[in-house]
$ cat upload00.cif   # mmCIF, C-alpha atoms
data_data
loop_
_atom_site.label_atom_id
_atom_site.label_comp_id
_atom_site.auth_asym_id
_atom_site.auth_seq_id
_atom_site.Cartn_x
_atom_site.Cartn_y
_atom_site.Cartn_z
CA MET K 1 0.00 0.00 0.00
CA LEU K 2 1.32 3.38 -1.01
CA ILE K 3 1.16 5.95 1.79
CA LEU K 4 1.78 9.59 0.89
CA HIS K 5 2.06 12.52 3.27
CA CYS K 6 -0.33 15.25 2.15
CA PRO K 7 1.55 18.56 2.52
CA ASN K 8 -1.73 20.48 2.57
CA CYS K 9 -3.44 18.88 5.54
CA GLY K 10 -0.52 17.00 7.08
CA ILE K 11 -2.12 13.56 7.01
CA ASP K 12 -0.33 10.39 6.00
CA ALA K 13 -2.99 9.29 3.55
CA ASP K 14 -3.09 5.82 2.12
CA GLU K 15 -3.64 5.13 -1.54
CA THR K 16 -7.37 4.49 -1.15
CA GLU K 17 -7.89 8.07 -0.01
CA LEU K 18 -6.00 9.54 -2.95
CA ALA K 19 -6.60 10.04 -6.64
CA ALA K 20 -3.69 9.72 -9.04
CA GLY K 21 -3.23 12.72 -11.32
CA GLY K 22 -0.60 11.45 -13.73
CA GLU K 23 2.82 12.80 -14.49
CA ALA K 24 4.06 15.94 -12.76
CA HIS K 25 5.66 19.10 -14.13
CA LEU K 26 4.18 18.98 -17.63
CA LYS K 27 4.57 22.13 -19.64
CA ARG K 28 1.46 22.95 -21.58
CA PHE K 29 1.66 23.55 -25.31
CA GLY K 30 -1.64 24.95 -26.50
CA PRO K 31 -2.78 27.16 -29.38
CA GLY K 32 0.14 28.53 -31.38
CA SER K 33 2.46 25.62 -30.68
CA GLY K 34 3.72 23.22 -33.30
CA ASP K 35 2.16 19.82 -33.97
CA GLU K 36 5.11 17.99 -32.52
CA GLU K 37 5.17 20.02 -29.31
CA PHE K 38 1.44 19.58 -28.89
CA GLU K 39 1.69 15.83 -29.46
CA ASP K 40 4.46 15.59 -26.87
CA TYR K 41 2.45 17.56 -24.37
CA LEU K 42 -0.72 15.60 -24.94
CA PHE K 43 0.51 12.04 -25.37
CA LYS K 44 4.16 11.49 -24.52
CA ARG K 45 4.67 10.40 -20.95
CA GLU K 46 7.57 9.11 -18.97
CA ASN K 47 7.31 5.49 -17.96
CA PRO K 48 10.40 5.09 -15.82
CA LYS K 49 11.64 2.13 -13.91
CA GLY K 50 12.83 4.00 -10.86
CA VAL K 51 12.51 7.66 -9.90
CA HIS K 52 9.23 9.21 -10.93
CA PHE K 53 7.36 12.45 -10.21
CA GLU K 54 3.61 12.41 -10.03
CA ARG K 55 0.61 14.54 -9.18
CA TRP K 56 -1.80 13.26 -6.57
CA ARG K 57 -4.98 14.61 -5.09
CA HIS K 58 -6.12 13.99 -1.54
CA ALA K 59 -9.56 13.22 -2.91
CA ALA K 60 -11.29 11.80 0.16
CA GLY K 61 -9.52 14.21 2.50
CA CYS K 62 -8.77 17.89 2.07
CA GLY K 63 -9.33 17.69 -1.70
CA LYS K 64 -6.06 19.42 -2.55
CA TRP K 65 -3.42 18.53 -5.12
CA PHE K 66 0.22 17.89 -4.32
CA HIS K 67 3.32 16.43 -5.93
CA ALA K 68 5.05 13.20 -4.98
CA ALA K 69 8.49 11.84 -5.83
CA ARG K 70 8.73 8.09 -5.59
CA CYS K 71 10.39 5.01 -7.01
CA THR K 72 8.23 2.88 -9.28
CA THR K 73 10.18 -0.30 -8.63
CA THR K 74 10.41 -0.27 -4.84
CA LEU K 75 7.44 2.04 -4.10
CA GLU K 76 9.79 4.03 -1.89
CA VAL K 77 8.49 7.55 -1.43
CA PHE K 78 11.22 10.21 -1.50
CA GLY K 79 8.89 12.97 -0.49
CA THR K 80 5.83 15.04 -1.28
CA TYR K 81 5.71 18.76 -1.94
CA SER K 82 3.43 21.61 -2.88
CA ALA K 83 1.51 21.59 -6.16
CA GLN K 84 2.33 25.26 -6.70
CA THR K 85 5.76 24.72 -8.22
CA THR K 86 7.21 23.91 -11.61
CA GLU K 87 10.13 21.87 -10.35
CA PRO K 88 10.89 19.57 -7.41
CA PRO K 89 12.38 21.36 -4.39
CA LYS K 90 16.10 21.02 -3.80
CA GLU K 91 15.81 18.95 -0.63
CA ILE K 92 13.79 16.30 -2.48
CA CYS K 93 16.30 16.18 -5.33
CA ASP K 94 19.15 15.89 -2.81
CA LYS K 95 17.37 13.07 -1.04
CA ILE K 96 16.88 11.19 -4.30
CA SER K 97 20.53 11.77 -5.23
CA GLY K 98 21.54 10.25 -1.91
CA LYS K 99 19.58 7.10 -2.60
CA ARG K 100 19.68 6.83 -6.40
CA PRO K 101 22.97 8.43 -7.51
CA GLY K 102 22.93 9.53 -11.12
CA TRP K 103 19.14 9.61 -11.43
CA ALA K 104 17.57 11.68 -14.18
CA TRP K 105 13.96 12.42 -15.02
CA ARG K 106 13.07 14.64 -17.94
CA LEU K 107 14.92 17.92 -17.28
CA PHE K 108 15.74 17.15 -13.67
CA LYS K 109 18.69 15.26 -12.27
CA MET D 110 -43.74 25.93 3.23
CA LEU D 111 -42.78 22.28 3.39
CA GLU D 112 -41.31 21.06 6.61
CA ALA D 113 -37.67 20.05 6.36
CA VAL D 114 -36.90 16.47 7.37
CA SER D 115 -33.60 14.73 7.78
CA ALA D 116 -32.56 11.91 5.47
CA LEU D 117 -33.42 8.97 7.71
CA ASP D 118 -35.88 10.46 10.19
CA ALA D 119 -33.64 9.89 13.25
CA ALA D 120 -33.14 6.18 12.61
CA SER D 121 -31.01 4.45 15.21
CA PHE D 122 -29.33 1.13 15.90
CA ASN D 123 -27.84 -0.39 19.03
CA GLY D 124 -24.89 -2.62 18.41
CA PHE D 125 -21.62 -2.62 20.29
CA ALA D 126 -21.80 1.08 19.59
CA ARG D 127 -24.93 3.16 19.22
CA ILE D 128 -25.60 4.59 15.77
CA GLU D 129 -28.07 7.41 15.51
CA GLU D 130 -29.02 9.72 12.73
CA ALA D 131 -28.57 13.17 14.22
CA GLY D 132 -31.41 14.90 12.43
CA LEU D 133 -31.09 18.27 10.78
CA ARG D 134 -28.05 20.42 11.42
CA GLY D 135 -27.16 23.75 9.91
CA MET D 136 -23.90 23.61 7.97
CA ILE D 137 -22.32 26.46 6.09
CA THR D 138 -19.36 26.03 3.81
CA LEU D 139 -17.03 28.99 3.99
CA ARG D 140 -14.13 29.15 1.58
CA GLY D 141 -11.57 31.87 1.49
CA ASP D 142 -8.22 32.88 2.93
CA LEU D 143 -8.34 31.38 6.43
CA GLY D 144 -5.55 33.69 7.50
CA SER D 145 -7.63 36.80 6.87
CA THR D 146 -9.14 38.58 9.85
CA GLY D 147 -12.40 39.06 7.96
CA VAL D 148 -12.94 35.35 7.41
CA LYS D 149 -11.94 34.50 10.99
CA ASN D 150 -14.25 37.10 12.48
CA ALA D 151 -17.17 36.15 10.25
CA ALA D 152 -16.91 32.48 11.19
CA THR D 153 -16.27 32.91 14.89
CA GLY D 154 -18.92 35.61 15.16
CA VAL D 155 -21.63 33.27 13.92
CA ALA D 156 -20.47 30.06 15.63
CA GLY D 157 -19.35 31.59 18.91
CA VAL D 158 -16.28 29.36 19.18
CA ASP D 159 -12.57 29.93 18.60
CA MET D 160 -11.08 29.64 15.14
CA PRO D 161 -9.80 26.06 14.69
CA GLY D 162 -6.25 25.33 13.63
CA ARG D 163 -5.27 22.79 11.00
CA ARG D 164 -7.39 19.59 11.28
CA GLU D 165 -9.25 20.90 14.30
CA ALA D 166 -12.94 21.18 15.03
CA ASN D 167 -14.19 23.40 17.83
CA CYS D 168 -17.73 22.53 18.75
CA VAL D 169 -20.00 23.57 21.59
CA GLY D 170 -23.44 22.00 21.42
CA GLU D 171 -24.85 22.38 17.93
CA LYS D 172 -22.51 25.23 17.07
CA GLY D 173 -18.96 24.96 15.94
CA ILE D 174 -16.32 25.48 13.29
CA ALA D 175 -14.49 22.64 11.58
CA TRP D 176 -11.34 22.99 9.49
CA MET D 177 -12.00 21.25 6.18
CA SER D 178 -8.97 22.15 4.06
CA PRO D 179 -6.39 24.95 3.91
CA ASP D 180 -9.02 27.26 2.42
CA GLU D 181 -12.28 25.87 3.71
CA LEU D 182 -14.23 25.91 6.96
CA LEU D 183 -17.48 24.23 7.90
CA VAL D 184 -19.53 26.45 10.18
CA LEU D 185 -22.08 24.52 12.25
CA VAL D 186 -25.20 26.12 13.65
CA PRO D 187 -28.67 24.87 14.60
CA TYR D 188 -30.64 24.07 11.44
CA ALA D 189 -33.18 26.86 11.88
CA GLU D 190 -30.42 29.48 12.05
CA ALA D 191 -28.45 28.31 9.02
CA GLU D 192 -29.99 30.55 6.36
CA HIS D 193 -29.73 33.60 8.58
CA ALA D 194 -26.17 32.75 9.62
CA ALA D 195 -25.11 32.29 5.99
CA GLY D 196 -26.52 35.75 5.26
CA VAL D 197 -24.63 37.26 8.19
CA ILE D 198 -21.36 35.71 7.00
CA SER D 199 -21.93 36.80 3.38
CA ARG D 200 -22.58 40.36 4.42
CA ALA D 201 -19.56 40.40 6.70
CA LEU D 202 -17.40 39.22 3.81
CA ALA D 203 -18.80 41.54 1.15
CA GLY D 204 -15.90 42.73 -0.94
CA GLU D 205 -13.61 39.90 0.18
CA HIS D 206 -12.75 36.97 -2.05
CA ALA D 207 -14.77 34.27 -0.30
CA LEU D 208 -17.57 31.82 -0.90
CA VAL D 209 -20.42 31.15 1.51
CA ALA D 210 -22.97 28.41 0.92
CA ASN D 211 -25.67 26.96 3.14
CA VAL D 212 -25.17 23.22 2.58
CA SER D 213 -27.40 22.00 5.43
CA ASP D 214 -29.77 20.14 3.13
CA ALA D 215 -26.96 18.49 1.21
CA ARG D 216 -25.65 16.67 4.27
CA ALA D 217 -26.57 13.97 6.72
CA MET D 218 -25.12 13.60 10.17
CA PHE D 219 -24.77 10.60 12.47
CA TYR D 220 -23.78 10.14 16.08
CA VAL D 221 -21.70 7.08 16.80
CA SER D 222 -21.36 6.63 20.54
CA GLY D 223 -20.25 4.15 23.15
CA ASP D 224 -17.05 2.29 24.01
CA GLY D 225 -16.87 0.72 20.55
CA ALA D 226 -17.44 3.92 18.56
CA ARG D 227 -13.78 4.30 17.70
CA GLU D 228 -13.64 0.76 16.45
CA VAL D 229 -16.71 1.17 14.23
CA LEU D 230 -15.06 4.04 12.37
CA ALA D 231 -11.69 2.30 12.29
CA LYS D 232 -13.32 -0.61 10.46
CA LEU D 233 -14.71 1.66 7.76
CA SER D 234 -12.03 4.25 7.10
CA PRO D 235 -8.29 4.25 6.48
CA ALA D 236 -7.82 6.94 9.15
CA ASP D 237 -5.53 6.31 12.10
CA MET D 238 -8.04 6.01 14.93
CA HIS D 239 -5.64 5.34 17.78
CA PRO D 240 -6.80 7.22 20.89
CA GLU D 241 -3.47 9.03 21.07
CA THR D 242 -3.66 10.11 17.44
CA PHE D 243 -7.30 11.04 17.07
CA ARG D 244 -8.74 12.98 19.99
CA PRO D 245 -11.67 15.27 20.72
CA GLY D 246 -11.12 18.61 19.03
CA GLN D 247 -9.75 17.10 15.86
CA ILE D 248 -11.52 16.51 12.56
CA ARG D 249 -10.68 13.87 9.99
CA ARG D 250 -12.00 14.02 6.45
CA THR D 251 -11.70 10.62 4.91
CA ARG D 252 -13.87 7.94 3.38
CA LEU D 253 -16.26 5.44 4.92
CA ALA D 254 -16.01 2.39 2.67
CA GLN D 255 -16.73 3.91 -0.73
CA VAL D 256 -18.01 7.39 0.06
CA PRO D 257 -16.41 10.58 1.37
CA ALA D 258 -17.18 11.46 4.97
CA GLY D 259 -15.79 13.45 7.84
CA PHE D 260 -15.96 13.07 11.58
CA TRP D 261 -14.91 14.65 14.84
CA MET D 262 -15.41 13.76 18.48
CA ARG D 263 -17.91 15.57 20.64
CA ASP D 264 -16.47 13.89 23.72
CA THR D 265 -14.25 10.88 24.35
CA GLU D 266 -17.01 8.43 23.41
CA THR D 267 -19.12 10.23 20.84
CA PHE D 268 -18.33 10.85 17.21
CA GLU D 269 -20.25 13.15 14.92
CA VAL D 270 -20.05 11.82 11.38
CA ILE D 271 -21.05 13.84 8.32
CA CYS D 272 -21.61 12.61 4.79
CA PHE D 273 -23.57 13.64 1.73
CA ARG D 274 -27.31 13.29 2.17
CA SER D 275 -27.62 11.23 -1.00
CA VAL D 276 -25.54 8.45 0.60
CA ALA D 277 -27.06 8.69 4.09
CA ASP D 278 -28.77 5.32 3.79
CA TYR D 279 -25.57 3.67 2.57
CA VAL D 280 -23.56 5.16 5.44
CA PHE D 281 -26.19 4.16 8.00
CA GLY D 282 -26.03 0.62 6.63
CA LEU D 283 -22.24 0.62 6.86
CA LEU D 284 -22.24 1.88 10.43
CA LYS D 285 -24.88 -0.64 11.47
CA ASN D 286 -22.97 -3.47 9.90
CA ALA D 287 -19.69 -2.41 11.48
CA ALA D 288 -21.39 -2.23 14.89
CA GLN D 289 -23.01 -5.68 14.76
CA PRO D 290 -22.83 -7.31 18.20
CA GLY D 291 -20.26 -10.07 18.11
CA SER D 292 -18.06 -8.34 15.54
CA GLU D 293 -15.98 -6.45 18.13
CA ILE D 294 -12.26 -6.60 17.46
CA GLY D 295 -11.12 -5.03 20.72
CA TYR D 296 -8.08 -3.36 19.24
CA PHE D 297 -8.38 -0.04 21.06
#

$ encode --input "upload00.cif" --output "structure tokens"
Amino acid sequence: MLILHCPNCGIDADETELAAGGEAHLKRFGPGSGDEEFEDYLFKRENPKGVHFERWRHAAGCGKWFHAARCTTTLEVFGTYSAQTTEPPKEICDKISGKRPGWAWRLFK
Amino acid sequence: MLEAVSALDAASFNGFARIEEAGLRGMITLRGDLGSTGVKNAATGVAGVDMPGRREANCVGEKGIAWMSPDELLVLVPYAEAEHAAGVISRALAGEHALVANVSDARAMFYVSGDGAREVLAKLSPADMHPETFRPGQIRRTRLAQVPAGFWMRDTETFEVICFRSVADYVFGLLKNAAQPGSEIGYF
């Protein structure tokens, strides 16, 4: 069972209380962008074996969105952080680097 | 005017905990910046209790304020006062970015009381119900089996559970089933 700490209400919520929101830190390409950019934005997703960043919503709790960094192979959770950011905070990246040296995910490493 | 009735007409059940539909209760959703003095004063003025902190519910009798999320409060008042209280809050917050809605008729409320009350809720929700973790004065929004619900403790043995009115019958069934005599686990 995946247990994520909701940074909005401070509860360690288990998976059944949460709704998965897909990949984190997507940059939107809307009207005016090229076909390729739009296709990437709409369809292309990471499917890593290892470090992954996701959006989650505390659906049955406070109802707020947040970000989570976790490992898809071990289900280890590196940390959760605010939804109001475009990149993972430094302390989370440092923590991942400590445990998975050399990790990379999209633009982050 | 039609007389308002609660979802289950005060149905009750005695198992190893007592389940009771609480009847009508005035509930007002107040969303806005909880740090603003205006929002605090509007809520506390109507409910007559202190502003709750994160995950807290301050209740005295039928009145109270519950913290629902970082930008949402639930203001509790007697049912008959709800419409008036919502008006008072709206007027107090005129000009502020806030939302006030009287949701009394969209909700159902249950009392779960007795020694086994904690265990009944622990069976149905993923919330940590340990007596040292969940105490009177706190609120937990979570799910009961398949539907969203929230609860807080009026005293050490009595929980007040809220859910949507449309699932009141389902929740009553869940609570009854979880409180069946003979199904005690005795964990707490």

$ interface_residues --input "upload00.cif" --of "chain K" --to "chain D" --cutoff "12 Å" --atoms "only C-alpha atoms" --output "PyMOL selection string"
chain K and resi 1+3+6-18+58-65

$ residues_around --input "upload00.cif" --residues "D:Asp278" --least-positions-apart "4" --cutoff "8 Å" --atoms "all atoms listed in the file" --output "short mmCIF file (atom, residue, chain, number, x, y, z; two decimals) with C-alpha atoms, in the frame of the given file"
data_model
loop_
_atom_site.label_atom_id
_atom_site.label_comp_id
_atom_site.auth_asym_id
_atom_site.auth_seq_id
_atom_site.Cartn_x
_atom_site.Cartn_y
_atom_site.Cartn_z
CA ALA D 116 -32.56 11.91 5.47
CA LEU D 117 -33.42 8.97 7.71
CA GLY D 282 -26.03 0.62 6.63
#

$ resolve_selection --input "upload00.cif" --expression "the PyMOL selection byres ((chain D and resi 126) around 9)" --output "PDB file with C-alpha atoms, in the coordinates of the input"
ATOM      1  CA  PHE D 122     -29.330   1.130  15.900  1.00  0.00           C
ATOM      2  CA  ASN D 123     -27.840  -0.390  19.030  1.00  0.00           C
ATOM      3  CA  GLY D 124     -24.890  -2.620  18.410  1.00  0.00           C
ATOM      4  CA  PHE D 125     -21.620  -2.620  20.290  1.00  0.00           C
ATOM      5  CA  ARG D 127     -24.930   3.160  19.220  1.00  0.00           C
ATOM      6  CA  ILE D 128     -25.600   4.590  15.770  1.00  0.00           C
ATOM      7  CA  VAL D 221     -21.700   7.080  16.800  1.00  0.00           C
ATOM      8  CA  SER D 222     -21.360   6.630  20.540  1.00  0.00           C
ATOM      9  CA  GLY D 223     -20.250   4.150  23.150  1.00  0.00           C
ATOM     10  CA  ASP D 224     -17.050   2.290  24.010  1.00  0.00           C
ATOM     11  CA  GLY D 225     -16.870   0.720  20.550  1.00  0.00           C
ATOM     12  CA  ALA D 226     -17.440   3.920  18.560  1.00  0.00           C
ATOM     13  CA  ARG D 227     -13.780   4.300  17.700  1.00  0.00           C
ATOM     14  CA  GLU D 228     -13.640   0.760  16.450  1.00  0.00           C
ATOM     15  CA  VAL D 229     -16.710   1.170  14.230  1.00  0.00           C
ATOM     16  CA  LYS D 285     -24.880  -0.640  11.470  1.00  0.00           C
ATOM     17  CA  ALA D 288     -21.390  -2.230  14.890  1.00  0.00           C
ATOM     18  CA  GLN D 289     -23.010  -5.680  14.760  1.00  0.00           C
ATOM     19  CA  PRO D 290     -22.830  -7.310  18.200  1.00  0.00           C
TER      20      PRO D 290
END

$ atom_distance --input "upload00.cif" --atom1 "atom CA of K:Glu46" --atom2 "atom CA of K:Cys71"
13.0 Å

$ resolve_selection --input "upload00.cif" --expression "the PyMOL selection byres ((chain K and resi 76) around 12)" --output "list in words"
Met1, Leu2, Ile3, Leu4, Gly50, Val51, His52, Ala68, Ala69, Arg70, Cys71, Thr72, Thr73, Thr74, Leu75, Val77, Phe78, Gly79, Thr80, Lys95, Ile96, Lys99 and Arg100 of chain K

$ closest_residue --input "upload00.cif" --among "D:Val209, D:Leu230, D:Cys168, D:Ala194" --to "D:Val148" --atoms "all atoms listed in the file"
D:Val209

$ atom_distance --input "upload00.cif" --atom1 "atom CA of D:Tyr279" --atom2 "atom CA of D:Val212"
19.6 Å

$ closest_residue --input "upload00.cif" --among "D:Met238, D:Gly144, D:Asn150, D:Ser115" --to "D:Gly162" --atoms "all atoms listed in the file"
D:Gly144

$ residues_around --input "upload00.cif" --residues "D:Tyr220" --least-positions-apart "5" --cutoff "10 Å" --atoms "all atoms listed in the file" --output "PyMOL selection string"
chain D and resi 121+126-132+226+260+262-263+267-271

$ write_last_selection --input "upload00.cif" --atoms "C-alpha atoms" --output "PDB file, in the coordinates of the input"
ATOM      1  CA  SER D 121     -31.010   4.450  15.210  1.00  0.00           C
ATOM      2  CA  ALA D 126     -21.800   1.080  19.590  1.00  0.00           C
ATOM      3  CA  ARG D 127     -24.930   3.160  19.220  1.00  0.00           C
ATOM      4  CA  ILE D 128     -25.600   4.590  15.770  1.00  0.00           C
ATOM      5  CA  GLU D 129     -28.070   7.410  15.510  1.00  0.00           C
ATOM      6  CA  GLU D 130     -29.020   9.720  12.730  1.00  0.00           C
ATOM      7  CA  ALA D 131     -28.570  13.170  14.220  1.00  0.00           C
ATOM      8  CA  GLY D 132     -31.410  14.900  12.430  1.00  0.00           C
ATOM      9  CA  ALA D 226     -17.440   3.920  18.560  1.00  0.00           C
ATOM     10  CA  PHE D 260     -15.960  13.070  11.580  1.00  0.00           C
ATOM     11  CA  MET D 262     -15.410  13.760  18.480  1.00  0.00           C
ATOM     12  CA  ARG D 263     -17.910  15.570  20.640  1.00  0.00           C
ATOM     13  CA  THR D 267     -19.120  10.230  20.840  1.00  0.00           C
ATOM     14  CA  PHE D 268     -18.330  10.850  17.210  1.00  0.00           C
ATOM     15  CA  GLU D 269     -20.250  13.150  14.920  1.00  0.00           C
ATOM     16  CA  VAL D 270     -20.050  11.820  11.380  1.00  0.00           C
ATOM     17  CA  ILE D 271     -21.050  13.840   8.320  1.00  0.00           C
TER      18      ILE D 271
END

$ atom_distance --input "upload00.cif" --atom1 "atom CA of K:Glu23" --atom2 "atom CA of K:Asp40"
12.8 Å

$ resolve_selection --input "upload00.cif" --expression "the PyMOL selection byres ((chain D and resi 155) around 12)" --output "number ranges by chain"
D: 135-137, 139, 148-154, 156-160, 172-174, 183-187, 190-201

$ decode --input "upload00.cif" --residues "stretch 25-85 of chain K" --atoms "C-alpha atoms" --output "compact mmCIF listing (two decimals), in the first residue's frame"
# COMPACT_ATOMS: atom_id res chain seq x y z
CA HIS K 25 5.66 19.10 -14.13
CA LEU K 26 4.18 18.98 -17.63
CA LYS K 27 4.57 22.13 -19.64
CA ARG K 28 1.46 22.95 -21.58
CA PHE K 29 1.66 23.55 -25.31
CA GLY K 30 -1.64 24.95 -26.50
CA PRO K 31 -2.78 27.16 -29.38
CA GLY K 32 0.14 28.53 -31.38
CA SER K 33 2.46 25.62 -30.68
CA GLY K 34 3.72 23.22 -33.30
CA ASP K 35 2.16 19.82 -33.97
CA GLU K 36 5.11 17.99 -32.52
CA GLU K 37 5.17 20.02 -29.31
CA PHE K 38 1.44 19.58 -28.89
CA GLU K 39 1.69 15.83 -29.46
CA ASP K 40 4.46 15.59 -26.87
CA TYR K 41 2.45 17.56 -24.37
CA LEU K 42 -0.72 15.60 -24.94
CA PHE K 43 0.51 12.04 -25.37
CA LYS K 44 4.16 11.49 -24.52
CA ARG K 45 4.67 10.40 -20.95
CA GLU K 46 7.57 9.11 -18.97
CA ASN K 47 7.31 5.49 -17.96
CA PRO K 48 10.40 5.09 -15.82
CA LYS K 49 11.64 2.13 -13.91
CA GLY K 50 12.83 4.00 -10.86
CA VAL K 51 12.51 7.66 -9.90
CA HIS K 52 9.23 9.21 -10.93
CA PHE K 53 7.36 12.45 -10.21
CA GLU K 54 3.61 12.41 -10.03
CA ARG K 55 0.61 14.54 -9.18
CA TRP K 56 -1.80 13.26 -6.57
CA ARG K 57 -4.98 14.61 -5.09
CA HIS K 58 -6.12 13.99 -1.54
CA ALA K 59 -9.56 13.22 -2.91
CA ALA K 60 -11.29 11.80 0.16
CA GLY K 61 -9.52 14.21 2.50
CA CYS K 62 -8.77 17.89 2.07
CA GLY K 63 -9.33 17.69 -1.70
CA LYS K 64 -6.06 19.42 -2.55
CA TRP K 65 -3.42 18.53 -5.12
CA PHE K 66 0.22 17.89 -4.32
CA HIS K 67 3.32 16.43 -5.93
CA ALA K 68 5.05 13.20 -4.98
CA ALA K 69 8.49 11.84 -5.83
CA ARG K 70 8.73 8.09 -5.59
CA CYS K 71 10.39 5.01 -7.01
CA THR K 72 8.23 2.88 -9.28
CA THR K 73 10.18 -0.30 -8.63
CA THR K 74 10.41 -0.27 -4.84
CA LEU K 75 7.44 2.04 -4.10
CA GLU K 76 9.79 4.03 -1.89
CA VAL K 77 8.49 7.55 -1.43
CA PHE K 78 11.22 10.21 -1.50
CA GLY K 79 8.89 12.97 -0.49
CA THR K 80 5.83 15.04 -1.28
CA TYR K 81 5.71 18.76 -1.94
CA SER K 82 3.43 21.61 -2.88
CA ALA K 83 1.51 21.59 -6.16
CA GLN K 84 2.33 25.26 -6.70
CA THR K 85 5.76 24.72 -8.22
